[in-house]
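Peer 1: Here you go, target06.csv (CSV, C-alpha atoms and all ligand atoms):
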```csv
chain,number,residue,atom,x,y,z
P,1,MET,CA,121.9,74.3,142.2
P,2,GLY,CA,119.4,76.5,140.5
P,3,ASN,CA,116.8,75.4,137.9
P,4,ILE,CA,117.9,77.3,134.9
P,5,GLN,CA,119.7,75.6,132.1
P,6,LEU,CA,120.9,76.8,128.7
P,7,MET,CA,118.8,75.2,125.9
P,8,SER,CA,120.5,72.8,123.4
P,9,THR,CA,121.2,74.4,120.0
P,10,SER,CA,118.6,72.2,118.3
P,11,LEU,CA,115.9,73.2,120.7
P,12,ALA,CA,116.7,76.9,120.4
P,13,ASN,CA,116.7,76.6,116.6
P,14,GLN,CA,113.3,74.8,116.7
P,15,ILE,CA,111.9,77.6,118.8
P,16,ALA,CA,113.4,80.3,116.6
P,17,ALA,CA,112.0,78.5,113.6
P,18,GLY,CA,108.6,79.3,114.9
P,19,GLU,CA,109.1,82.9,114.0
P,20,VAL,CA,110.7,82.5,110.6
P,21,VAL,CA,109.1,79.4,109.2
P,22,VAL,CA,105.3,79.4,109.5
P,23,ARG,CA,104.5,77.6,106.2
P,24,PRO,CA,106.1,76.5,102.9
P,25,ALA,CA,105.8,80.1,101.6
P,26,SER,CA,108.1,81.3,104.3
P,27,CYS,CA,110.8,78.8,103.2
P,28,VAL,CA,110.3,79.8,99.6
P,29,LYS,CA,110.7,83.5,100.5
P,30,GLU,CA,113.9,82.9,102.5
P,31,LEU,CA,115.4,80.6,99.9
P,32,ILE,CA,114.7,83.0,97.0
P,33,GLU,CA,116.2,85.9,99.0
P,34,ASN,CA,119.3,83.8,99.4
P,35,SER,CA,119.4,83.1,95.7
P,36,LEU,CA,119.1,86.7,94.8
P,37,ASP,CA,121.7,87.7,97.4
P,38,ALA,CA,124.0,85.1,95.7
P,39,GLY,CA,123.6,87.0,92.4
P,40,ALA,CA,121.4,84.4,90.6
P,41,LYS,CA,120.1,85.2,87.2
P,42,HIS,CA,117.9,82.1,86.9
P,43,ILE,CA,115.8,80.8,89.8
P,44,THR,CA,113.5,77.8,89.6
P,45,VAL,CA,111.0,77.1,92.4
P,46,SER,CA,109.3,73.7,92.4
P,47,LEU,CA,106.4,72.8,94.7
P,48,ARG,CA,105.1,69.3,95.4
P,49,GLU,CA,101.8,69.1,97.2
P,50,GLY,CA,101.8,72.9,97.7
P,51,GLY,CA,105.3,72.8,99.0
P,52,ILE,CA,104.3,70.8,102.1
P,53,ALA,CA,105.7,67.5,100.8
P,54,GLU,CA,108.7,69.2,99.0
P,55,LEU,CA,109.9,72.5,97.8
P,56,VAL,CA,113.0,73.1,95.8
P,57,VAL,CA,114.7,76.3,95.0
P,58,GLN,CA,117.5,76.1,92.4
P,59,ASP,CA,119.7,79.0,91.4
P,60,ASP,CA,122.8,79.8,89.3
P,61,GLY,CA,124.3,82.1,91.9
P,62,VAL,CA,127.8,82.1,93.3
P,63,GLY,CA,127.4,78.9,95.2
P,64,MET,CA,129.2,78.0,98.4
P,65,ASP,CA,132.4,76.2,99.2
P,66,GLU,CA,132.5,73.3,101.6
P,67,SER,CA,133.1,75.2,104.8
P,68,ASP,CA,130.4,77.8,104.0
P,69,ALA,CA,127.9,75.1,103.0
P,70,THR,CA,128.1,73.6,106.4
P,71,LEU,CA,128.4,76.8,108.4
P,72,ALA,CA,125.4,78.2,106.5
P,73,PHE,CA,123.1,76.0,108.7
P,74,ALA,CA,124.4,77.4,112.0
P,75,ARG,CA,122.2,80.0,113.6
P,76,HIS,CA,123.4,83.6,113.3
P,77,ALA,CA,125.8,82.5,110.6
P,78,THR,CA,125.8,85.0,107.7
P,79,SER,CA,128.1,86.4,105.1
P,80,LYS,CA,126.0,89.6,104.8
P,81,VAL,CA,126.3,91.5,108.1
P,82,TYR,CA,129.6,91.7,110.0
P,83,ASP,CA,129.1,94.4,112.5
P,84,GLU,CA,126.5,96.8,114.0
P,85,HIS,CA,127.3,99.4,111.5
P,86,ASP,CA,126.3,97.1,108.6
P,87,LEU,CA,122.9,96.8,110.1
P,88,THR,CA,122.1,100.4,109.5
P,89,ARG,CA,122.8,100.2,105.7
P,90,ILE,CA,121.5,96.8,104.6
P,91,ARG,CA,121.6,96.2,100.9
P,92,THR,CA,121.1,92.5,100.9
P,93,LEU,CA,117.7,90.8,101.3
P,94,GLY,CA,119.0,88.5,104.1
P,95,PHE,CA,120.9,89.7,107.2
P,96,ARG,CA,119.5,87.7,110.2
P,97,GLY,CA,121.5,84.5,109.5
P,98,GLU,CA,118.5,82.5,110.7
P,99,ALA,CA,116.7,81.1,107.7
P,100,LEU,CA,118.7,78.0,106.9
P,101,ALA,CA,119.1,77.1,110.6
P,102,SER,CA,115.4,77.5,111.1
P,103,ILE,CA,114.2,75.7,108.0
P,104,ALA,CA,116.6,72.8,108.7
P,105,ALA,CA,115.4,72.5,112.3
P,106,VAL,CA,111.8,71.7,111.2
P,107,SER,CA,112.3,69.7,108.0
P,108,ARG,CA,114.7,67.5,106.0
P,109,VAL,CA,117.0,69.7,103.9
P,110,THR,CA,119.4,68.7,101.1
P,111,LEU,CA,121.7,71.4,99.9
P,112,THR,CA,123.8,70.9,96.7
P,113,THR,CA,126.1,73.7,95.8
P,114,ARG,CA,129.1,74.4,93.6
P,115,THR,CA,131.1,77.6,93.2
P,116,ARG,CA,132.6,78.6,89.8
P,117,THR,CA,136.1,77.7,91.0
P,118,SER,CA,135.3,74.3,92.4
P,119,GLU,CA,135.7,71.0,90.4
P,120,TYR,CA,132.9,69.4,92.3
P,121,GLY,CA,129.7,70.1,94.1
P,122,VAL,CA,129.1,69.7,97.8
P,123,LEU,CA,126.1,68.0,99.2
P,124,VAL,CA,124.9,68.6,102.8
P,125,ARG,CA,121.9,66.8,104.4
P,126,VAL,CA,120.3,68.1,107.5
P,127,GLU,CA,117.4,66.4,109.2
P,128,GLY,CA,115.7,68.1,112.1
P,129,GLY,CA,118.8,70.1,112.7
P,130,GLU,CA,121.2,67.1,112.6
P,131,MET,CA,123.8,67.3,109.8
P,132,ALA,CA,125.1,64.1,108.0
P,133,PRO,CA,128.7,63.9,106.8
P,134,VAL,CA,129.3,66.1,103.7
P,135,GLU,CA,129.5,64.4,100.3
P,136,HIS,CA,131.2,65.5,97.1
P,137,VAL,CA,129.0,65.2,94.1
P,138,GLY,CA,128.7,66.2,90.5
P,139,ALA,CA,126.7,69.5,90.3
P,140,THR,CA,126.0,72.5,88.1
P,141,TYR,CA,127.2,75.9,89.3
P,142,GLY,CA,125.0,77.5,91.9
P,143,THR,CA,122.8,76.2,94.7
P,144,ARG,CA,119.9,73.8,95.0
P,145,ILE,CA,118.0,73.5,98.2
P,146,GLU,CA,115.4,70.8,98.7
P,147,VAL,CA,113.1,71.0,101.7
P,148,THR,CA,111.0,67.9,102.3
P,149,ASP,CA,108.5,67.0,104.9
P,150,LEU,CA,108.2,70.4,106.4
P,151,PHE,CA,107.2,70.3,110.1
P,152,TYR,CA,107.6,66.5,110.2
P,153,ASN,CA,109.0,66.8,113.7
P,154,THR,CA,106.7,69.6,115.0
P,155,PRO,CA,103.2,68.1,114.6
P,156,ALA,CA,101.5,71.0,116.2
P,157,ARG,CA,102.8,73.3,113.4
P,158,LEU,CA,101.9,70.8,110.7
P,159,LYS,CA,98.3,70.8,112.0
P,160,TYR,CA,98.1,74.5,111.3
P,161,LEU,CA,98.9,74.3,107.7
P,162,ARG,CA,95.9,74.9,105.4
P,163,THR,CA,95.0,73.0,102.3
P,164,VAL,CA,97.5,72.1,99.5
P,165,GLN,CA,95.8,74.7,97.3
P,166,THR,CA,96.0,77.5,99.9
P,167,GLU,CA,99.6,76.7,100.8
P,168,GLN,CA,100.6,76.6,97.1
P,169,ALA,CA,98.9,79.9,96.4
P,170,LYS,CA,100.8,81.6,99.2
P,171,SER,CA,104.1,80.2,97.8
P,172,VAL,CA,103.2,81.3,94.3
P,173,GLU,CA,102.5,84.8,95.5
P,174,VAL,CA,106.0,84.9,97.1
P,175,VAL,CA,107.6,83.9,93.8
P,176,GLN,CA,105.4,86.4,91.9
P,177,LYS,CA,106.5,89.2,94.2
P,178,ALA,CA,110.2,88.2,93.8
P,179,ALA,CA,109.8,88.1,90.0
P,180,LEU,CA,108.3,91.6,90.1
P,181,SER,CA,111.0,92.9,92.3
P,182,ARG,CA,113.7,91.6,89.9
P,183,PRO,CA,112.6,91.8,86.3
P,184,ASP,CA,116.3,91.1,85.4
P,185,VAL,CA,116.1,87.6,86.9
P,186,ALA,CA,114.4,84.8,85.1
P,187,PHE,CA,112.0,82.9,87.4
P,188,THR,CA,110.2,79.7,86.8
P,189,CYS,CA,107.5,78.5,89.2
P,190,GLN,CA,106.2,75.0,88.8
P,191,THR,CA,104.4,72.3,90.6
P,192,GLU,CA,104.7,68.5,90.1
P,193,HIS,CA,102.1,68.8,87.4
P,194,HIS,CA,103.0,71.9,85.3
P,195,VAL,CA,104.8,75.2,85.0
P,196,LEU,CA,102.7,77.9,86.6
P,197,PHE,CA,104.6,80.9,85.2
P,198,GLN,CA,107.9,81.8,83.8
P,199,THR,CA,109.4,85.3,83.5
P,200,PRO,CA,112.0,86.2,80.8
P,201,GLY,CA,114.5,88.0,83.0
P,202,ASN,CA,115.1,90.7,80.4
P,203,GLY,CA,114.7,93.6,82.8
P,204,ASP,CA,111.3,94.6,81.6
P,205,ILE,CA,108.8,94.9,84.4
P,206,ARG,CA,105.9,94.9,81.9
P,207,ALA,CA,107.1,91.5,80.6
P,208,VAL,CA,106.9,90.1,84.2
P,209,LEU,CA,103.4,91.4,84.6
P,210,ALA,CA,102.4,89.9,81.3
P,211,SER,CA,103.7,86.5,82.5
P,212,LEU,CA,101.6,86.9,85.7
P,213,TYR,CA,98.4,88.6,84.5
P,214,GLY,CA,98.4,88.2,80.8
P,215,VAL,CA,99.6,90.4,78.0
P,216,GLY,CA,96.3,92.2,77.6
P,217,GLU,CA,96.2,93.5,81.2
P,218,ALA,CA,99.9,94.3,81.2
P,219,LYS,CA,99.7,96.4,78.0
P,220,GLN,CA,97.3,98.8,79.6
P,221,LEU,CA,99.4,99.7,82.6
P,222,LEU,CA,100.8,103.2,82.9
P,223,GLU,CA,104.4,104.0,83.6
P,224,VAL,CA,105.4,105.7,86.9
P,225,ASN,CA,108.7,107.5,87.0
P,226,GLU,CA,109.6,110.1,89.5
P,227,THR,CA,113.0,111.0,90.8
P,228,THR,CA,113.6,113.5,93.7
P,229,PRO,CA,116.9,114.1,95.5
P,230,ASP,CA,115.8,111.5,98.1
P,231,TYR,CA,113.7,109.0,96.3
P,232,LYS,CA,113.2,107.2,93.0
P,233,VAL,CA,109.8,105.9,92.3
P,234,THR,CA,109.4,103.6,89.3
P,235,GLY,CA,107.0,100.9,88.1
P,236,LEU,CA,103.6,100.5,86.6
P,237,VAL,CA,100.1,101.4,87.8
P,238,GLY,CA,96.8,100.2,86.4
P,239,ARG,CA,94.2,102.4,84.8
P,240,PRO,CA,91.2,103.2,87.0
P,241,THR,CA,89.2,100.6,85.0
P,242,GLN,CA,91.7,97.9,86.0
P,243,GLY,CA,90.8,98.2,89.7
P,244,ARG,CA,90.1,95.0,91.6
P,245,THR,CA,88.0,94.1,94.6
P,246,SER,CA,91.0,92.8,96.5
P,247,ARG,CA,94.5,94.1,97.2
P,248,SER,CA,96.0,91.1,95.4
P,249,GLY,CA,97.3,93.2,92.5
P,250,ALA,CA,99.1,95.7,94.7
P,251,HIS,CA,102.9,95.2,94.9
P,252,LEU,CA,105.3,97.5,96.6
P,253,PHE,CA,109.1,97.2,96.8
P,254,VAL,CA,111.4,99.2,98.9
P,255,ASN,CA,115.0,98.9,97.9
P,256,GLY,CA,114.2,95.7,96.1
P,257,ARG,CA,112.3,94.2,99.0
P,258,PRO,CA,108.6,93.3,98.8
P,259,VAL,CA,106.9,95.0,101.7
P,260,ARG,CA,103.5,95.7,103.0
P,261,ASN,CA,102.8,99.3,103.9
P,262,LEU,CA,99.3,100.6,104.4
P,263,ALA,CA,100.3,104.3,104.3
P,264,ILE,CA,101.9,103.9,100.9
P,265,HIS,CA,99.0,101.9,99.6
P,266,GLN,CA,96.8,104.8,100.6
P,267,ALA,CA,99.2,107.2,99.0
P,268,VAL,CA,98.8,105.3,95.7
P,269,ILE,CA,95.0,105.5,96.0
P,270,GLN,CA,95.3,109.2,96.7
P,271,GLY,CA,97.2,109.5,93.5
P,272,TYR,CA,94.2,108.2,91.6
P,273,LYS,CA,92.3,111.3,92.8
P,274,ASN,CA,88.8,109.7,93.0
P,275,ARG,CA,89.2,108.1,89.7
P,276,LEU,CA,88.9,104.6,91.2
P,277,MET,CA,85.4,103.2,91.6
P,278,ILE,CA,84.3,102.9,95.3
P,279,GLY,CA,85.3,99.5,96.7
P,280,LYS,CA,88.0,99.0,94.0
P,281,GLN,CA,91.7,98.6,94.8
P,282,PRO,CA,94.3,99.7,92.4
P,283,ILE,CA,96.7,97.3,90.7
P,284,TYR,CA,100.3,98.4,90.7
P,285,SER,CA,103.9,97.3,91.0
P,286,ILE,CA,105.8,100.2,92.4
P,287,SER,CA,109.4,100.2,93.4
P,288,LEU,CA,110.9,102.8,95.7
P,289,GLU,CA,114.7,103.3,95.9
P,290,MET,CA,116.1,105.4,98.8
P,291,ASP,CA,119.0,105.8,101.1
P,292,PRO,CA,119.0,102.6,103.2
P,293,THR,CA,119.7,104.6,106.3
P,294,LEU,CA,116.2,106.2,105.9
P,295,VAL,CA,114.4,102.9,106.1
P,296,ASP,CA,114.5,100.3,108.9
P,297,VAL,CA,113.9,96.7,107.5
P,298,ASN,CA,114.7,95.0,110.8
P,299,VAL,CA,111.2,95.4,112.2
P,300,HIS,CA,109.8,92.0,111.8
P,301,PRO,CA,111.2,88.4,111.5
P,302,HIS,CA,109.6,88.0,108.0
P,303,LYS,CA,111.1,91.3,106.9
P,304,ALA,CA,107.8,92.1,105.3
P,305,GLU,CA,107.3,95.4,107.0
P,306,VAL,CA,109.6,98.4,107.0
P,307,ARG,CA,109.6,101.7,108.9
P,308,PHE,CA,110.4,105.0,107.2
P,309,SER,CA,112.0,107.8,109.1
P,310,GLU,CA,110.2,110.3,106.8
P,311,GLU,CA,107.0,108.5,106.1
P,312,ALA,CA,104.9,111.5,105.2
P,313,ASP,CA,107.6,112.6,102.7
P,314,VAL,CA,107.7,109.1,101.1
P,315,CYS,CA,103.9,109.1,100.8
P,316,ARG,CA,103.7,112.5,99.2
P,317,THR,CA,106.3,111.5,96.6
P,318,VAL,CA,104.4,108.3,95.8
P,319,ALA,CA,101.1,110.0,95.5
P,320,ARG,CA,102.5,112.7,93.2
P,321,ALA,CA,104.3,110.1,91.0
P,322,VAL,CA,101.0,108.1,90.6
P,323,ALA,CA,99.0,111.2,90.0
P,324,LYS,CA,101.4,112.3,87.3
P,325,ALA,CA,101.3,108.9,85.6
P,326,LEU,CA,97.5,108.9,85.4
P,327,ASP,CA,97.2,112.6,84.5
P,328,ASP,CA,99.7,112.3,81.7
P,329,THR,CA,97.6,109.7,80.0
P,330,LEU,CA,94.1,110.3,81.0
P,331,LEU,CA,94.2,114.1,80.6
P,332,ALA,CA,96.1,114.0,77.4
P,333,PRO,CA,94.1,115.1,74.3
P,334,THR,CA,92.6,112.0,72.8
P,335,PRO,CA,93.9,111.3,69.3
P,336,GLN,CA,91.2,111.9,66.6
P,337,ARG,CA,88.2,109.6,67.1
P,338,THR,CA,86.4,107.8,64.4
P,339,THR,CA,82.7,107.8,64.9
F,1,LIG,P1,121.2,85.2,105.8
F,1,LIG,O1,120.6,85.2,104.4
F,1,LIG,O2,120.5,86.1,106.7
F,1,LIG,O3,122.7,85.5,105.8
F,1,LIG,P2,120.6,82.4,105.8
F,1,LIG,O4,120.5,81.4,106.9
F,1,LIG,O5,119.5,82.6,104.9
F,1,LIG,O6,121.1,83.8,106.5
F,1,LIG,O7,121.9,82.0,105.0
F,1,LIG,C1,123.2,81.8,105.6
F,1,LIG,C2,124.3,82.0,104.6
F,1,LIG,O8,124.4,80.9,103.7
F,1,LIG,C3,124.2,83.3,103.8
F,1,LIG,O9,124.7,84.4,104.4
F,1,LIG,C4,125.0,82.9,102.5
F,1,LIG,O10,126.4,83.1,102.8
F,1,LIG,C5,124.8,81.4,102.5
F,1,LIG,N1,123.8,81.0,101.4
F,1,LIG,C6,122.5,80.7,101.7
F,1,LIG,N2,121.8,80.4,100.5
F,1,LIG,C7,122.7,80.6,99.5
F,1,LIG,C8,122.6,80.5,98.1
F,1,LIG,N3,121.5,80.1,97.5
F,1,LIG,N4,123.7,80.7,97.4
F,1,LIG,C9,124.9,81.1,98.0
F,1,LIG,N5,125.0,81.2,99.3
F,1,LIG,C10,124.0,81.0,100.1
F,2,MG,MG,118.8,84.4,104.0
```
Reformat the file's structure so that it appears as structure tokens.
Peer 2:
Amino acid sequence: MGNIQLMSTSLANQIAAGEVVVRPASCVKELIENSLDAGAKHITVSLREGGIAELVVQDDGVGMDESDATLAFARHATSKVYDEHDLTRIRTLGFRGEALASIAAVSRVTLTTRTRTSEYGVLVRVEGGEMAPVEHVGATYGTRIEVTDLFYNTPARLKYLRTVQTEQAKSVEVVQKAALSRPDVAFTCQTEHHVLFQTPGNGDIRAVLASLYGVGEAKQLLEVNETTPDYKVTGLVGRPTQGRTSRSGAHLFVNGRPVRNLAIHQAVIQGYKNRLMIGKQPIYSISLEMDPTLVDVNVHPHKAEVRFSEEADVCRTVARAVAKALDDTLLAPTPQRTT
């Protein structure tokens, strides 16, 4: 007899969870992505003690029937990718089929969901990966997922969480990015004490930025709009005077997905053509649409990084789009001045 044994599913899920779920914000991100993939138009995120004690994401998306509601917690269970070919043209935010299994492996999860055609809701409880018998309950259409006591069964992970304030800030940032990526969806972000922000969901990106940064700041932003045969670049950039000392106001979306990409951030800066003060970072919310076969999103478990097959090309287009937005306004003849 050899020494090797296959791991139990729950142990494998707990290990995999280490990659996907590092803090409350990672749960918030995955749950919001699921809500958006489910076609939600209203998403409410509620955080208690920074999301460490409890985080709830409620949506009005398509919901799940009973068999999907239980299967959703199995690892590699997904309704979004069926074969290898699908992986090369991902249009949904999720595709790994790992999030719910991972979250449920390291917390207590209650899922309540109801489809438009069902007379009742389905309630599923999973604790440390163990599922209780399904219940039928009264519920509104859509899905509500409550995650409590994150990392209660993995004390080593719990120890690495930061303060309530820090964890809350990270979750709020995730909701902000989601709201910016989808101005057509109404987001509410609240704690046990109060509503932090609320977006109207009317499709207007400036309205989202007004909810996040205030009307005054949002008003000054300049519109970016550039379409080439390969790319569409849209969004808003700050005037040079709106620069910040940190990169916290820089938001980039590729095919609707919030991503980090240093090369594009630098392309944006290049678009300012030395108009930014030294040490200042631009504020912007820029959305890039392109053929999904030209961008690989399957680079990292958090799906926060992407790889472009034509990166230089993408950067050139972004720099040009930003430069045009700034030139159009800043070089335009100033309307008559009163002295
Ligand atoms: P993935 O999103 O990669 O498919 P998840 O573990 O996040 O994997 O979710 C598994 C499946 O559960 C999804 O493919 C989807 O069918 C279903 N699901 C999860 N969340 C929701 C939701 N909020 N509304 C409807 N269906 C959902
Ligand atoms: Mg998902």
Peer 1: Given the choices P:Lys80, P:Arg162, P:Arg239, P:Arg48, which gets closest to ligand LIG 1 (chain F) if the distance is worked out from all atoms listed in the file?
Peer 2: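 Looking only at the distances to ligand LIG 1 (chain F), the closest residue turns out to be P:Lys80.
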Peer 1: Please identify all polymer residues within 9 Å of P:Lys280, counting all atoms listed in the file, omitting same-chain residues fewer than 5 positions from it, and present them as a list in words.
Peer 2: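 Listing them by chain and then by number gives Pro240, Gln242, Gly243, Arg244, Thr245, Ser246 and Arg247 of chain P.
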Peer 1: Using all atoms listed in the file, determine which residues fall within 6 Å of ligand LIG 1 (chain F), then list them as a PyMOL selection string.
Peer 2: chain P and resi 34-35+38+61-64+72+77-80+94-101+143
Peer 1: Please list as a list in words every residue within 9 Å of P:Arg91, counting all atoms listed in the file and excluding residues in the same chain fewer than 4 positions away.
Peer 2: Lys80, Asn255, Gly256 and Pro292 of chain P
Peer 1: Fewer than 5 positions away in the same chain doesn't count, so skip those; otherwise give me all residues within 6 Å of P:Gly271, counting only C-alpha atoms, as a list in words.
Peer 2: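 In the requested format, the answer is Ala319, Val322 and Ala323 of chain P.
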Peer 1: Between P:Leu71, P:Leu252, P:Val20, P:Leu93, which is the closest to ligand MG 2 (chain F) once you count only C-alpha atoms and all ligand atoms?
Peer 2: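 Of the candidates, the smallest distance to ligand MG 2 (chain F) is held by P:Leu93.
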Peer 1: If you count all atoms listed in the file, which residues fall within 10 Å of P:Ala218, apart from same-chain ones fewer than 2 positions away, as a list in words?
Peer 2: Ile205, Arg206, Ala207, Val208, Leu209, Ala210, Ser211, Leu212, Tyr213, Gly214, Val215, Gly216, Gln220, Leu221, Leu222, Leu236, Val237 and Gly238 of chain P
Peer 1: Any idea what the distance is between atom CA of P:His42 and atom CA of P:Thr115?
Peer 2: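 About the pair atom CA of P:His42 and atom CA of P:Thr115: they are 15.3 Å apart.
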Peer 1: Mind checking which residues fall within 6 Å of stretch 52-58 of chain P, counting only C-alpha atoms, ignoring those fewer than 4 positions away in the same chain, and posting them as a ChimeraX atom specification?
Peer 2: /P:43-48,143-150
Peer 1: Residues within 8 Å of (113.1, 91.1, 85.6), file coordinates, counting all atoms listed in the file: what are they? Give the list as a PDB file with C-alpha atoms, in the coordinates of the input.
Peer 2:
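So the final result, stored in out35.pdb, reads:
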```pdb
ATOM      1  CA  ALA P 179     109.800  88.100  90.000  1.00  0.00           C
ATOM      2  CA  LEU P 180     108.300  91.600  90.100  1.00  0.00           C
ATOM      3  CA  SER P 181     111.000  92.900  92.300  1.00  0.00           C
ATOM      4  CA  ARG P 182     113.700  91.600  89.900  1.00  0.00           C
ATOM      5  CA  PRO P 183     112.600  91.800  86.300  1.00  0.00           C
ATOM      6  CA  ASP P 184     116.300  91.100  85.400  1.00  0.00           C
ATOM      7  CA  VAL P 185     116.100  87.600  86.900  1.00  0.00           C
ATOM      8  CA  ALA P 186     114.400  84.800  85.100  1.00  0.00           C
ATOM      9  CA  THR P 199     109.400  85.300  83.500  1.00  0.00           C
ATOM     10  CA  PRO P 200     112.000  86.200  80.800  1.00  0.00           C
ATOM     11  CA  GLY P 201     114.500  88.000  83.000  1.00  0.00           C
ATOM     12  CA  ASN P 202     115.100  90.700  80.400  1.00  0.00           C
ATOM     13  CA  GLY P 203     114.700  93.600  82.800  1.00  0.00           C
ATOM     14  CA  ASP P 204     111.300  94.600  81.600  1.00  0.00           C
ATOM     15  CA  ILE P 205     108.800  94.900  84.400  1.00  0.00           C
ATOM     16  CA  ALA P 207     107.100  91.500  80.600  1.00  0.00           C
ATOM     17  CA  VAL P 208     106.900  90.100  84.200  1.00  0.00           C
TER      18      VAL P 208
END
```
Peer 1: Quick one: pull the distance between atom CA of P:Arg257 and atom CA of P:Val174, Å, one decimal.
Peer 2: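 The value is 11.4 Å.
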Peer 1: Identify the residues within 12 Å of coordinate (111.9, 91.8, 108.3) (same frame as the file), considering only C-alpha atoms, and give the answer as a count of residues only.
Peer 2: 32
Peer 1: What does the distance from atom CA of P:His136 to atom CA of P:Ala104 come to in Å, to one decimal?
Peer 2: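 Answer for the atom CA of P:His136 to atom CA of P:Ala104 separation: 20.0 Å.
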Peer 1: Go through P:Leu31, P:Ile269, P:Val22, P:Met7 one by one, measure the shortest atom-to-atom distance of each to ligand MG 2 (chain F) using only C-alpha atoms and all ligand atoms, and give the residue with the smallest value.
Peer 2: P:Leu31
Peer 1: Using all atoms listed in the file, which of P:Val137, P:Val109, P:Ala12, P:Gln165 sits nearest P:Val122?
Peer 2: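 Checking each candidate against P:Val122, we get P:Val137 as the closest.
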Peer 1: Let me make sure I understand: among P:Asn3, P:His85, P:Gly50, P:Ser102, which one has the smallest atom-to-atom distance to ligand MG 2 (chain F) if we use only C-alpha atoms and all ligand atoms?
Peer 2: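 Between P:Asn3, P:His85, P:Gly50, P:Ser102, the residue approaching ligand MG 2 (chain F) most closely is P:Ser102.
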